[in-house]
2 protein chains.
Amino acid sequence: MNSLPAAAAGAAPDGAGLDSGAVSDKGDTPTIPVIGGTGALGSGLAKRWAQGGAKVVIGSRDAGRAQEAAEKIAAETGGDVTGMTNEDAARAAEVVFLTVPFRNQSEYMTNLKDSLSAGQILVDCSVPLAAAISGKATRTIGVWQGSAAQQAQEMAPEGVTVVSALHTVSAPGLADLESELGEDVPICGDRKADKAKVAGLIARIDGLRPVNAGALETSRIVEQLTPLLISINIRYKTHAGIRFTGLPEGDPFS
Amino acid sequence: MNSLPAAAAGAAPDGAGLDSGAVSDKGDTPTIPVIGGTGALGSGLAKRWAQGGAKVVIGSRDAGRAQEAAEKIAAETGGDVTGMTNEDAARAAEVVFLTVPFRNQSEYMTNLKDSLSAGQILVDCSVPLAAAISGKATRTIGVWQGSAAQQAQEMAPEGVTVVSALHTVSAPGLADLESELGEDVPICGDRKADKAKVAGLIARIDGLRPVNAGALETSRIVEQLTPLLISINIRYKTHAGIRFTGLPEGDPFS
């Protein structure tokens, strides 16, 4: 971890969260900031991580709304959840999850410019569904950079690396703590060590298996899995997920 | 089945294959023409279908090579396999599988113009990997029509409908009859009845579950699964396949 502003330490709820993103051992207690954490995907993830014992930081445009959401999730899970502005949340740990819809991604990246700093990893979860421009959710729009993740990388401050993940996990499935998960999470990024940190955090959620899907450019493909699953969901009236068959045991991130 | 040329009946090895593509019951004996059936994917499929009791027709540019390949597969599987030119094979049943690499698809579609006729279903299995133009197999090239399958549809004779499938099944896995399969086969097409016929034939191969993935345009996404799996294969040194989680029991094609 390098060159985090001094404010970061203060923003971490326990003042010890800075390196915690690197922790993959479930016995540790990482701090996990979720930008847009009051949204469907963000709050689902926050619930699962809180339930699993992580310290979750909900970010929202409005600190009051974030705190309200945090209290609710803390009550439901018995976990350690705090709420603050997106900007403060972005300083709370090394690995930061951006869980907003694609139509808001660019605006959030602009707003986070002064909060993110070199050495941090931003996990983008957005998918350029055509729904963003009133089109079908079974189609995507072309992103000049190749993918939503590559757009985020282009907009990220110098030294902040983007990893993409969590495109295919159903938000309602995450939010319903009674629902048993059992699916893979393809992760794209250009540095194995970064993906390993993100994988460690995702693996804290029971039933999610992180899969090393390739370089960040492969997010072009992985982001397309979401409209594919939506197309399948329409036909099967379900919330489908993805599994890769034939993967050997062992950690492909190390 | 309508307007098949008279030659079609003659081309079917047992003169009874014309409607067999419509059969999904494993107890029946469909005739399955595999265009490009001497290639890696085609011969793997041919083996599996022959082993499962279907009458397989191997098509090749050269009838002699097709017959040779057919004899080999017949010997290995004890099945009913014949070989003929691609043009003759294309007349052998209602549902025809085109298993050539994308770089050859357009040429084959041109050559098959007079052999395919209204009422037939052409199953395209090709993937526009950038490898076709000496690029990476983890990338694709843009196809003006949207996908390889949509290009095939544009080139198909009037009344021939294209369905796309079998992009993600490993050819070596198919060819090795000792290898147990256990994965899904996303199928794209604009008519449910067509997809049902194709699904019935695919389901004859033990361990393959046909999945109704959507309209033909969804093949844009499904074709991208191949480079994604290649990217994963590189990292895991395996032959990965795809599974969709959360699908209910029951036939989504009926």
# chains A, B, ... in the order shown; residues from 1 in each chain; ligands from 1
call {"tool": "select_by_dssp", "arguments": {"residues": "region 190-228 of chain B", "states": "strand (DSSP E or B)", "output": "ChimeraX atom specification"}}
result
/B:208-214
call {"tool": "write_last_selection", "arguments": {"atoms": "N, CA and C atoms", "output": "short mmCIF file (atom, residue, chain, number, x, y, z; two decimals), in the first residue's frame"}}
result
data_model
loop_
_atom_site.label_atom_id
_atom_site.label_comp_id
_atom_site.auth_asym_id
_atom_site.auth_seq_id
_atom_site.Cartn_x
_atom_site.Cartn_y
_atom_site.Cartn_z
N LEU B 208 -24.33 -33.38 -22.16
CA LEU B 208 -24.56 -32.04 -22.70
C LEU B 208 -26.02 -31.64 -22.43
N ARG B 209 -26.21 -30.51 -21.79
CA ARG B 209 -27.56 -30.00 -21.54
C ARG B 209 -27.82 -28.78 -22.41
N PRO B 210 -28.76 -28.88 -23.34
CA PRO B 210 -29.07 -27.72 -24.17
C PRO B 210 -29.77 -26.65 -23.33
N VAL B 211 -29.39 -25.41 -23.54
CA VAL B 211 -30.00 -24.29 -22.81
C VAL B 211 -30.50 -23.26 -23.83
N ASN B 212 -31.73 -22.88 -23.68
CA ASN B 212 -32.34 -21.87 -24.56
C ASN B 212 -31.79 -20.49 -24.17
N ALA B 213 -30.82 -20.01 -24.95
CA ALA B 213 -30.11 -18.79 -24.56
C ALA B 213 -30.74 -17.52 -25.12
N GLY B 214 -31.65 -17.69 -26.09
CA GLY B 214 -32.31 -16.49 -26.61
C GLY B 214 -32.40 -16.47 -28.12
#
call {"tool": "select_by_dssp", "arguments": {"residues": "region 17-230 of chain B", "states": "alpha helix (DSSP H)", "output": "VMD selection string"}}
result
chain B and resid 40 to 51 63 to 77 86 to 89 102 to 111 148 to 155 171 to 175 192 to 202 219 to 222 225 to 230
call {"tool": "closest_atom_pairs", "arguments": {"of": "chain A", "to": "chain B", "cutoff": "10 Å", "atoms": "only C-alpha atoms", "output": "Markdown table"}}
result
| residue | atom | partner | partner_atom | distance |
| --- | --- | --- | --- | --- |
| A:Thr138 | CA | B:Thr218 | CA | 7.8 |
| A:Arg139 | CA | B:Thr218 | CA | 8.0 |
| A:Thr140 | CA | B:Ile221 | CA | 9.6 |
| A:Leu181 | CA | B:Gly246 | CA | 9.5 |
| A:Gly182 | CA | B:Thr245 | CA | 7.5 |
| A:Glu183 | CA | B:Thr245 | CA | 6.7 |
| A:Asp184 | CA | B:Thr245 | CA | 9.4 |
| A:Pro186 | CA | B:Ile232 | CA | 9.3 |
| A:Val211 | CA | B:Ile232 | CA | 8.1 |
| A:Asn212 | CA | B:Ile232 | CA | 6.7 |
| A:Ala213 | CA | B:Ile232 | CA | 5.2 |
| A:Gly214 | CA | B:Ser231 | CA | 5.7 |
| A:Ala215 | CA | B:Ser231 | CA | 8.5 |
| A:Glu217 | CA | B:Arg139 | CA | 9.0 |
| A:Thr218 | CA | B:Leu228 | CA | 7.1 |
| A:Ser219 | CA | B:Leu228 | CA | 9.3 |
| A:Arg220 | CA | B:Gln224 | CA | 9.1 |
| A:Ile221 | CA | B:Gln224 | CA | 6.1 |
| A:Val222 | CA | B:Leu228 | CA | 7.6 |
| A:Glu223 | CA | B:Ile221 | CA | 9.7 |
| A:Gln224 | CA | B:Ile221 | CA | 6.1 |
| A:Leu225 | CA | B:Ile221 | CA | 7.2 |
| A:Thr226 | CA | B:Ile221 | CA | 9.7 |
| A:Pro227 | CA | B:Ile221 | CA | 8.3 |
| A:Leu228 | CA | B:Ile221 | CA | 6.7 |
| A:Leu229 | CA | B:Ala213 | CA | 8.1 |
| A:Ile230 | CA | B:Ala213 | CA | 9.3 |
| A:Ser231 | CA | B:Gly214 | CA | 5.7 |
| A:Ile232 | CA | B:Ala213 | CA | 5.2 |
| A:Asn233 | CA | B:Leu247 | CA | 8.4 |
| A:Ile234 | CA | B:Gly214 | CA | 8.8 |
| A:Arg235 | CA | B:Pro252 | CA | 6.8 |
| A:Tyr236 | CA | B:Leu247 | CA | 6.5 |
| A:Lys237 | CA | B:Pro248 | CA | 8.3 |
| A:Thr238 | CA | B:Leu247 | CA | 6.5 |
| A:His239 | CA | B:Gly246 | CA | 6.2 |
| A:Ala240 | CA | B:Gly246 | CA | 4.8 |
| A:Gly241 | CA | B:Thr245 | CA | 4.8 |
| A:Ile242 | CA | B:Phe244 | CA | 4.9 |
| A:Arg243 | CA | B:Arg243 | CA | 4.8 |
| A:Phe244 | CA | B:Ile242 | CA | 4.9 |
| A:Thr245 | CA | B:Gly241 | CA | 4.8 |
| A:Gly246 | CA | B:Ala240 | CA | 4.8 |
| A:Leu247 | CA | B:Ala240 | CA | 6.2 |
| A:Pro248 | CA | B:Tyr236 | CA | 6.9 |
| A:Glu249 | CA | B:Tyr236 | CA | 9.3 |
| A:Gly250 | CA | B:Tyr236 | CA | 9.2 |
| A:Asp251 | CA | B:Tyr236 | CA | 9.3 |
| A:Pro252 | CA | B:Tyr236 | CA | 6.6 |
| A:Phe253 | CA | B:Arg235 | CA | 9.1 |
call {"tool": "residues_around", "arguments": {"residues": "Ala40 (chain A)", "least_positions_apart": "5", "cutoff": "8 Å", "atoms": "only C-alpha atoms", "output": "compact mmCIF listing (two decimals) with all heavy atoms, in the first residue's frame"}}
result
# COMPACT_ATOMS: atom_id res chain seq x y z
N ALA A 171 -28.44 -9.64 -7.71
CA ALA A 171 -28.59 -8.76 -6.54
C ALA A 171 -29.67 -9.28 -5.58
O ALA A 171 -29.43 -9.32 -4.37
CB ALA A 171 -28.90 -7.33 -7.00
N PRO A 172 -30.83 -9.69 -6.07
CA PRO A 172 -31.83 -10.24 -5.14
C PRO A 172 -31.32 -11.48 -4.42
O PRO A 172 -31.61 -11.68 -3.23
CB PRO A 172 -33.01 -10.60 -6.06
CG PRO A 172 -32.82 -9.80 -7.30
CD PRO A 172 -31.35 -9.58 -7.45
N ALA A 175 -29.11 -10.32 -1.63
CA ALA A 175 -29.84 -9.61 -0.57
C ALA A 175 -30.64 -10.56 0.32
O ALA A 175 -30.86 -10.29 1.49
CB ALA A 175 -30.77 -8.57 -1.19
call {"tool": "closest_residue", "arguments": {"among": "A:Ile35, A:Leu122, A:Val185, A:Ala63", "to": "Tyr108 (chain A)", "atoms": "only C-alpha atoms"}}
result
A:Ile35
call {"tool": "residues_around", "arguments": {"residues": "Glu158 (chain A)", "least_positions_apart": "2", "cutoff": "7 Å", "atoms": "only C-alpha atoms", "output": "ChimeraX atom specification"}}
result
/A:118,156,160
call {"tool": "write_last_selection", "arguments": {"atoms": "C-alpha atoms", "output": "tab-separated table (two decimals), in the first residue's frame"}}
result
chain	number	residue	atom	x	y	z
A	118	ALA	CA	-2.21	5.60	-6.22
A	156	ALA	CA	-9.17	6.35	-12.69
A	160	VAL	CA	-5.23	3.29	-9.31
call {"tool": "calpha_fit_and_write", "arguments": {"fixed": "chain B", "moving": "chain A", "output": "mmCIF file with C-alpha atoms, in the first residue's frame"}}
result
data_model
loop_
_atom_site.group_PDB
_atom_site.id
_atom_site.type_symbol
_atom_site.label_atom_id
_atom_site.label_comp_id
_atom_site.auth_asym_id
_atom_site.auth_seq_id
_atom_site.Cartn_x
_atom_site.Cartn_y
_atom_site.Cartn_z
ATOM 1 C CA MET A 1 -40.496 -30.435 -43.609
ATOM 2 C CA ASN A 2 -41.181 -28.805 -46.930
ATOM 3 C CA SER A 3 -39.717 -28.322 -50.389
ATOM 4 C CA LEU A 4 -36.639 -30.523 -49.986
ATOM 5 C CA PRO A 5 -35.358 -31.521 -53.404
ATOM 6 C CA ALA A 6 -35.995 -35.078 -54.424
ATOM 7 C CA ALA A 7 -32.278 -35.733 -54.231
ATOM 8 C CA ALA A 8 -32.461 -35.358 -50.495
ATOM 9 C CA ALA A 9 -34.197 -38.658 -49.982
ATOM 10 C CA GLY A 10 -31.543 -40.432 -51.967
ATOM 11 C CA ALA A 11 -28.772 -38.793 -49.982
ATOM 12 C CA ALA A 12 -30.138 -39.935 -46.669
ATOM 13 C CA PRO A 13 -28.315 -43.198 -46.003
ATOM 14 C CA ASP A 14 -31.438 -45.081 -45.134
ATOM 15 C CA GLY A 15 -33.893 -43.033 -47.106
ATOM 16 C CA ALA A 16 -35.724 -42.314 -43.861
ATOM 17 C CA GLY A 17 -33.719 -39.522 -42.401
ATOM 18 C CA LEU A 18 -35.648 -36.549 -43.663
ATOM 19 C CA ASP A 19 -37.767 -35.844 -40.671
ATOM 20 C CA SER A 20 -35.416 -37.325 -38.175
ATOM 21 C CA GLY A 21 -33.919 -33.995 -37.181
ATOM 22 C CA ALA A 22 -37.171 -33.219 -35.463
ATOM 23 C CA VAL A 23 -36.835 -36.214 -33.221
ATOM 24 C CA SER A 24 -35.693 -35.583 -29.696
ATOM 25 C CA ASP A 25 -36.535 -38.955 -28.255
ATOM 26 C CA LYS A 26 -33.318 -40.885 -27.808
ATOM 27 C CA GLY A 27 -35.135 -44.035 -28.815
ATOM 28 C CA ASP A 28 -35.396 -42.839 -32.420
ATOM 29 C CA THR A 29 -32.686 -42.862 -35.023
ATOM 30 C CA PRO A 30 -32.143 -39.450 -36.542
ATOM 31 C CA THR A 31 -29.782 -38.768 -39.395
ATOM 32 C CA ILE A 32 -27.309 -36.026 -38.519
ATOM 33 C CA PRO A 33 -25.231 -34.417 -41.266
ATOM 34 C CA VAL A 34 -22.027 -32.795 -40.078
ATOM 35 C CA ILE A 35 -20.580 -30.410 -42.655
ATOM 36 C CA GLY A 36 -16.844 -30.117 -42.160
ATOM 37 C CA GLY A 37 -17.124 -33.387 -40.303
ATOM 38 C CA THR A 38 -13.461 -34.265 -40.748
ATOM 39 C CA GLY A 39 -12.429 -31.251 -38.641
ATOM 40 C CA ALA A 40 -11.793 -31.198 -34.911
ATOM 41 C CA LEU A 41 -15.259 -30.171 -33.703
ATOM 42 C CA GLY A 42 -17.123 -32.005 -36.453
ATOM 43 C CA SER A 43 -15.413 -35.333 -35.958
ATOM 44 C CA GLY A 44 -15.779 -35.073 -32.180
ATOM 45 C CA LEU A 45 -19.516 -34.511 -32.545
ATOM 46 C CA ALA A 46 -19.776 -37.266 -35.149
ATOM 47 C CA LYS A 47 -18.132 -39.727 -32.764
ATOM 48 C CA ARG A 48 -20.467 -38.882 -29.908
ATOM 49 C CA TRP A 49 -23.582 -39.030 -32.051
ATOM 50 C CA ALA A 50 -22.488 -42.297 -33.664
ATOM 51 C CA GLN A 51 -21.791 -43.763 -30.254
ATOM 52 C CA GLY A 52 -25.275 -42.680 -29.157
ATOM 53 C CA GLY A 53 -26.944 -44.515 -32.032
ATOM 54 C CA ALA A 54 -27.668 -41.724 -34.502
ATOM 55 C CA LYS A 55 -26.963 -42.162 -38.200
ATOM 56 C CA VAL A 56 -24.150 -39.723 -38.839
ATOM 57 C CA VAL A 57 -23.303 -38.276 -42.235
ATOM 58 C CA ILE A 58 -19.832 -36.792 -42.482
ATOM 59 C CA GLY A 59 -19.496 -34.089 -45.101
ATOM 60 C CA SER A 60 -16.192 -32.999 -46.521
ATOM 61 C CA ARG A 61 -14.980 -31.170 -49.628
ATOM 62 C CA ASP A 62 -13.613 -34.493 -50.769
ATOM 63 C CA ALA A 63 -15.970 -37.475 -50.697
ATOM 64 C CA GLY A 64 -13.027 -39.864 -50.351
ATOM 65 C CA ARG A 65 -11.749 -38.129 -47.224
ATOM 66 C CA ALA A 66 -15.260 -38.069 -45.799
ATOM 67 C CA GLN A 67 -15.670 -41.797 -46.357
ATOM 68 C CA GLU A 68 -12.301 -42.488 -44.793
ATOM 69 C CA ALA A 69 -13.205 -40.448 -41.702
ATOM 70 C CA ALA A 70 -16.604 -42.123 -41.553
ATOM 71 C CA GLU A 71 -15.068 -45.604 -41.625
ATOM 72 C CA LYS A 72 -12.688 -44.688 -38.830
ATOM 73 C CA ILE A 73 -15.467 -43.348 -36.622
ATOM 74 C CA ALA A 74 -17.716 -46.291 -37.427
ATOM 75 C CA ALA A 75 -14.921 -48.648 -36.401
ATOM 76 C CA GLU A 76 -14.264 -46.785 -33.151
ATOM 77 C CA THR A 77 -17.893 -46.403 -32.123
ATOM 78 C CA GLY A 78 -19.605 -49.346 -33.798
ATOM 79 C CA GLY A 79 -22.038 -46.743 -35.121
ATOM 80 C CA ASP A 80 -23.693 -45.988 -38.436
ATOM 81 C CA VAL A 81 -21.482 -43.399 -40.148
ATOM 82 C CA THR A 82 -21.242 -42.561 -43.830
ATOM 83 C CA GLY A 83 -19.158 -40.029 -45.725
ATOM 84 C CA MET A 84 -19.965 -37.875 -48.731
ATOM 85 C CA THR A 85 -19.396 -34.403 -50.149
ATOM 86 C CA ASN A 86 -20.615 -31.452 -48.085
ATOM 87 C CA GLU A 87 -23.222 -30.751 -50.733
ATOM 88 C CA ASP A 88 -24.702 -34.252 -50.519
ATOM 89 C CA ALA A 89 -24.475 -34.247 -46.721
ATOM 90 C CA ALA A 90 -26.425 -30.988 -46.604
ATOM 91 C CA ARG A 91 -29.351 -32.769 -48.289
ATOM 92 C CA ALA A 92 -29.354 -35.713 -45.906
ATOM 93 C CA ALA A 93 -31.638 -34.375 -43.176
ATOM 94 C CA GLU A 94 -33.671 -31.408 -42.030
ATOM 95 C CA VAL A 95 -31.157 -30.248 -39.433
ATOM 96 C CA VAL A 96 -27.608 -29.782 -40.712
ATOM 97 C CA PHE A 97 -24.591 -28.937 -38.554
ATOM 98 C CA LEU A 98 -21.927 -26.611 -39.959
ATOM 99 C CA THR A 99 -18.790 -27.171 -37.890
ATOM 100 C CA VAL A 100 -16.092 -25.316 -39.797
ATOM 101 C CA PRO A 101 -13.881 -22.548 -38.396
ATOM 102 C CA PHE A 102 -15.172 -19.012 -38.866
ATOM 103 C CA ARG A 103 -12.536 -18.219 -41.472
ATOM 104 C CA ASN A 104 -14.144 -20.831 -43.734
ATOM 105 C CA GLN A 105 -17.792 -20.186 -42.902
ATOM 106 C CA SER A 106 -18.490 -17.724 -45.689
ATOM 107 C CA GLU A 107 -16.930 -19.974 -48.342
ATOM 108 C CA TYR A 108 -18.951 -22.959 -47.124
ATOM 109 C CA MET A 109 -22.188 -20.967 -47.080
ATOM 110 C CA THR A 110 -21.571 -19.980 -50.690
ATOM 111 C CA ASN A 111 -20.839 -23.557 -51.700
ATOM 112 C CA LEU A 112 -23.924 -24.894 -49.941
ATOM 113 C CA LYS A 113 -26.323 -22.446 -51.622
ATOM 114 C CA ASP A 114 -27.706 -24.999 -54.034
ATOM 115 C CA SER A 115 -27.762 -27.835 -51.530
ATOM 116 C CA LEU A 116 -29.713 -26.288 -48.697
ATOM 117 C CA SER A 117 -33.383 -25.631 -49.255
ATOM 118 C CA ALA A 118 -36.347 -23.979 -47.603
ATOM 119 C CA GLY A 119 -37.479 -25.675 -44.429
ATOM 120 C CA GLN A 120 -34.036 -26.810 -43.382
ATOM 121 C CA ILE A 121 -32.268 -25.675 -40.219
ATOM 122 C CA LEU A 122 -28.572 -24.912 -40.379
ATOM 123 C CA VAL A 123 -26.753 -25.067 -37.055
ATOM 124 C CA ASP A 124 -23.757 -22.788 -37.109
ATOM 125 C CA CYS A 125 -21.036 -23.522 -34.557
ATOM 126 C CA SER A 126 -18.446 -20.995 -35.623
ATOM 127 C CA VAL A 127 -16.807 -18.311 -33.530
ATOM 128 C CA PRO A 128 -15.165 -15.197 -34.994
ATOM 129 C CA LEU A 129 -11.918 -15.597 -33.056
ATOM 130 C CA ALA A 130 -9.246 -13.074 -33.908
ATOM 131 C CA ALA A 131 -7.119 -16.149 -34.576
ATOM 132 C CA ALA A 132 -8.855 -16.185 -37.984
ATOM 133 C CA ILE A 133 -6.760 -13.156 -38.923
ATOM 134 C CA SER A 134 -3.624 -14.235 -37.043
ATOM 135 C CA GLY A 135 -4.786 -12.491 -33.860
ATOM 136 C CA LYS A 136 -5.320 -13.860 -30.377
ATOM 137 C CA ALA A 137 -7.744 -16.667 -29.630
ATOM 138 C CA THR A 138 -8.784 -14.717 -26.528
ATOM 139 C CA ARG A 139 -10.195 -11.970 -28.739
ATOM 140 C CA THR A 140 -12.814 -11.829 -31.441
ATOM 141 C CA ILE A 141 -13.160 -9.789 -34.592
ATOM 142 C CA GLY A 142 -16.208 -7.664 -35.239
ATOM 143 C CA VAL A 143 -18.677 -9.173 -37.648
ATOM 144 C CA TRP A 144 -20.777 -6.569 -39.417
ATOM 145 C CA GLN A 145 -23.931 -8.655 -39.048
ATOM 146 C CA GLY A 146 -23.371 -8.893 -35.293
ATOM 147 C CA SER A 147 -22.226 -12.480 -35.014
ATOM 148 C CA ALA A 148 -21.046 -15.425 -37.044
ATOM 149 C CA ALA A 149 -24.523 -16.917 -36.792
ATOM 150 C CA GLN A 150 -26.130 -13.775 -38.155
ATOM 151 C CA GLN A 151 -23.647 -13.792 -41.025
ATOM 152 C CA ALA A 152 -24.664 -17.384 -41.760
ATOM 153 C CA GLN A 153 -28.329 -16.379 -41.641
ATOM 154 C CA GLU A 154 -27.689 -13.560 -44.105
ATOM 155 C CA MET A 155 -26.000 -15.975 -46.498
ATOM 156 C CA ALA A 156 -28.442 -18.860 -46.093
ATOM 157 C CA PRO A 157 -30.882 -19.573 -48.917
ATOM 158 C CA GLU A 158 -34.419 -18.220 -48.510
ATOM 159 C CA GLY A 159 -36.383 -20.278 -46.018
ATOM 160 C CA VAL A 160 -33.360 -21.864 -44.343
ATOM 161 C CA THR A 161 -33.183 -20.796 -40.709
ATOM 162 C CA VAL A 162 -29.978 -20.600 -38.742
ATOM 163 C CA VAL A 163 -29.630 -21.710 -35.147
ATOM 164 C CA SER A 164 -26.324 -21.374 -33.331
ATOM 165 C CA ALA A 165 -24.922 -23.812 -30.812
ATOM 166 C CA LEU A 166 -21.946 -25.855 -29.658
ATOM 167 C CA HIS A 167 -19.466 -22.979 -29.398
ATOM 168 C CA THR A 168 -18.197 -23.893 -25.960
ATOM 169 C CA VAL A 169 -17.821 -27.640 -26.040
ATOM 170 C CA SER A 170 -14.194 -28.703 -26.228
ATOM 171 C CA ALA A 171 -13.370 -30.613 -29.424
ATOM 172 C CA PRO A 172 -10.724 -32.783 -27.718
ATOM 173 C CA GLY A 173 -13.222 -33.560 -24.968
ATOM 174 C CA LEU A 174 -15.779 -34.702 -27.528
ATOM 175 C CA ALA A 175 -13.244 -36.769 -29.445
ATOM 176 C CA ASP A 176 -12.053 -38.634 -26.365
ATOM 177 C CA LEU A 177 -14.909 -41.023 -25.778
ATOM 178 C CA GLU A 178 -13.476 -41.906 -22.358
ATOM 179 C CA SER A 179 -13.893 -38.295 -21.271
ATOM 180 C CA GLU A 180 -17.102 -37.642 -19.373
ATOM 181 C CA LEU A 181 -18.902 -34.502 -20.454
ATOM 182 C CA GLY A 182 -20.913 -32.388 -18.039
ATOM 183 C CA GLU A 183 -21.771 -28.952 -19.320
ATOM 184 C CA ASP A 184 -24.378 -26.743 -20.946
ATOM 185 C CA VAL A 185 -24.828 -25.860 -24.608
ATOM 186 C CA PRO A 186 -26.409 -22.432 -25.081
ATOM 187 C CA ILE A 187 -28.601 -22.394 -28.187
ATOM 188 C CA CYS A 188 -29.652 -19.222 -30.012
ATOM 189 C CA GLY A 189 -32.331 -18.913 -32.628
ATOM 190 C CA ASP A 190 -35.407 -16.949 -33.534
ATOM 191 C CA ARG A 191 -37.893 -19.820 -33.499
ATOM 192 C CA LYS A 192 -38.445 -21.972 -30.468
ATOM 193 C CA ALA A 193 -39.493 -24.953 -32.589
ATOM 194 C CA ASP A 194 -36.206 -24.842 -34.492
ATOM 195 C CA LYS A 195 -34.208 -24.631 -31.275
ATOM 196 C CA ALA A 196 -36.185 -27.537 -29.883
ATOM 197 C CA LYS A 197 -35.157 -29.737 -32.818
ATOM 198 C CA VAL A 198 -31.517 -28.809 -32.406
ATOM 199 C CA ALA A 199 -31.744 -29.282 -28.637
ATOM 200 C CA GLY A 200 -33.126 -32.766 -29.170
ATOM 201 C CA LEU A 201 -30.107 -33.740 -31.230
ATOM 202 C CA ILE A 202 -27.614 -32.178 -28.825
ATOM 203 C CA ALA A 203 -29.271 -33.867 -25.854
ATOM 204 C CA ARG A 204 -28.483 -37.216 -27.494
ATOM 205 C CA ILE A 205 -24.900 -36.664 -26.373
ATOM 206 C CA ASP A 206 -24.577 -37.742 -22.750
ATOM 207 C CA GLY A 207 -23.480 -34.907 -20.492
ATOM 208 C CA LEU A 208 -24.564 -32.036 -22.718
ATOM 209 C CA ARG A 209 -27.564 -30.015 -21.550
ATOM 210 C CA PRO A 210 -29.084 -27.726 -24.200
ATOM 211 C CA VAL A 211 -30.012 -24.293 -22.833
ATOM 212 C CA ASN A 212 -32.349 -21.868 -24.589
ATOM 213 C CA ALA A 213 -30.110 -18.791 -24.577
ATOM 214 C CA GLY A 214 -32.308 -16.490 -26.616
ATOM 215 C CA ALA A 215 -32.806 -15.059 -30.070
ATOM 216 C CA LEU A 216 -30.257 -15.475 -32.847
ATOM 217 C CA GLU A 217 -28.853 -12.026 -32.048
ATOM 218 C CA THR A 218 -27.842 -13.363 -28.620
ATOM 219 C CA SER A 219 -25.260 -15.393 -30.491
ATOM 220 C CA ARG A 220 -23.210 -12.188 -30.354
ATOM 221 C CA ILE A 221 -22.719 -12.973 -26.705
ATOM 222 C CA VAL A 222 -22.652 -16.747 -26.823
ATOM 223 C CA GLU A 223 -19.902 -16.733 -29.449
ATOM 224 C CA GLN A 224 -17.813 -14.650 -27.033
ATOM 225 C CA LEU A 225 -17.890 -17.454 -24.501
ATOM 226 C CA THR A 226 -15.303 -19.329 -26.525
ATOM 227 C CA PRO A 227 -12.505 -16.733 -26.196
ATOM 228 C CA LEU A 228 -13.489 -16.364 -22.526
ATOM 229 C CA LEU A 229 -13.044 -20.092 -22.006
ATOM 230 C CA ILE A 230 -9.751 -19.968 -23.909
ATOM 231 C CA SER A 231 -8.586 -17.188 -21.571
ATOM 232 C CA ILE A 232 -9.565 -19.328 -18.595
ATOM 233 C CA ASN A 233 -8.005 -22.447 -20.113
ATOM 234 C CA ILE A 234 -4.680 -20.637 -20.448
ATOM 235 C CA ARG A 235 -4.750 -19.739 -16.751
ATOM 236 C CA TYR A 236 -6.040 -23.063 -15.430
ATOM 237 C CA LYS A 237 -4.426 -25.406 -17.977
ATOM 238 C CA THR A 238 -7.717 -27.139 -18.598
ATOM 239 C CA HIS A 239 -10.615 -27.414 -21.032
ATOM 240 C CA ALA A 240 -13.293 -25.433 -19.246
ATOM 241 C CA GLY A 241 -16.969 -25.524 -20.149
ATOM 242 C CA ILE A 242 -20.023 -23.486 -19.223
ATOM 243 C CA ARG A 243 -22.821 -24.257 -16.789
ATOM 244 C CA PHE A 244 -25.760 -22.075 -15.898
ATOM 245 C CA THR A 245 -26.858 -22.305 -12.284
ATOM 246 C CA GLY A 246 -30.386 -21.874 -11.034
ATOM 247 C CA LEU A 247 -32.189 -23.318 -14.075
ATOM 248 C CA PRO A 248 -35.398 -25.123 -13.167
ATOM 249 C CA GLU A 249 -36.141 -28.611 -14.420
ATOM 250 C CA GLY A 250 -38.344 -28.863 -17.472
ATOM 251 C CA ASP A 251 -38.108 -28.233 -21.175
ATOM 252 C CA PRO A 252 -37.722 -24.530 -22.058
ATOM 253 C CA PHE A 253 -37.984 -25.364 -25.746
ATOM 254 C CA SER A 254 -41.543 -26.614 -25.719
#
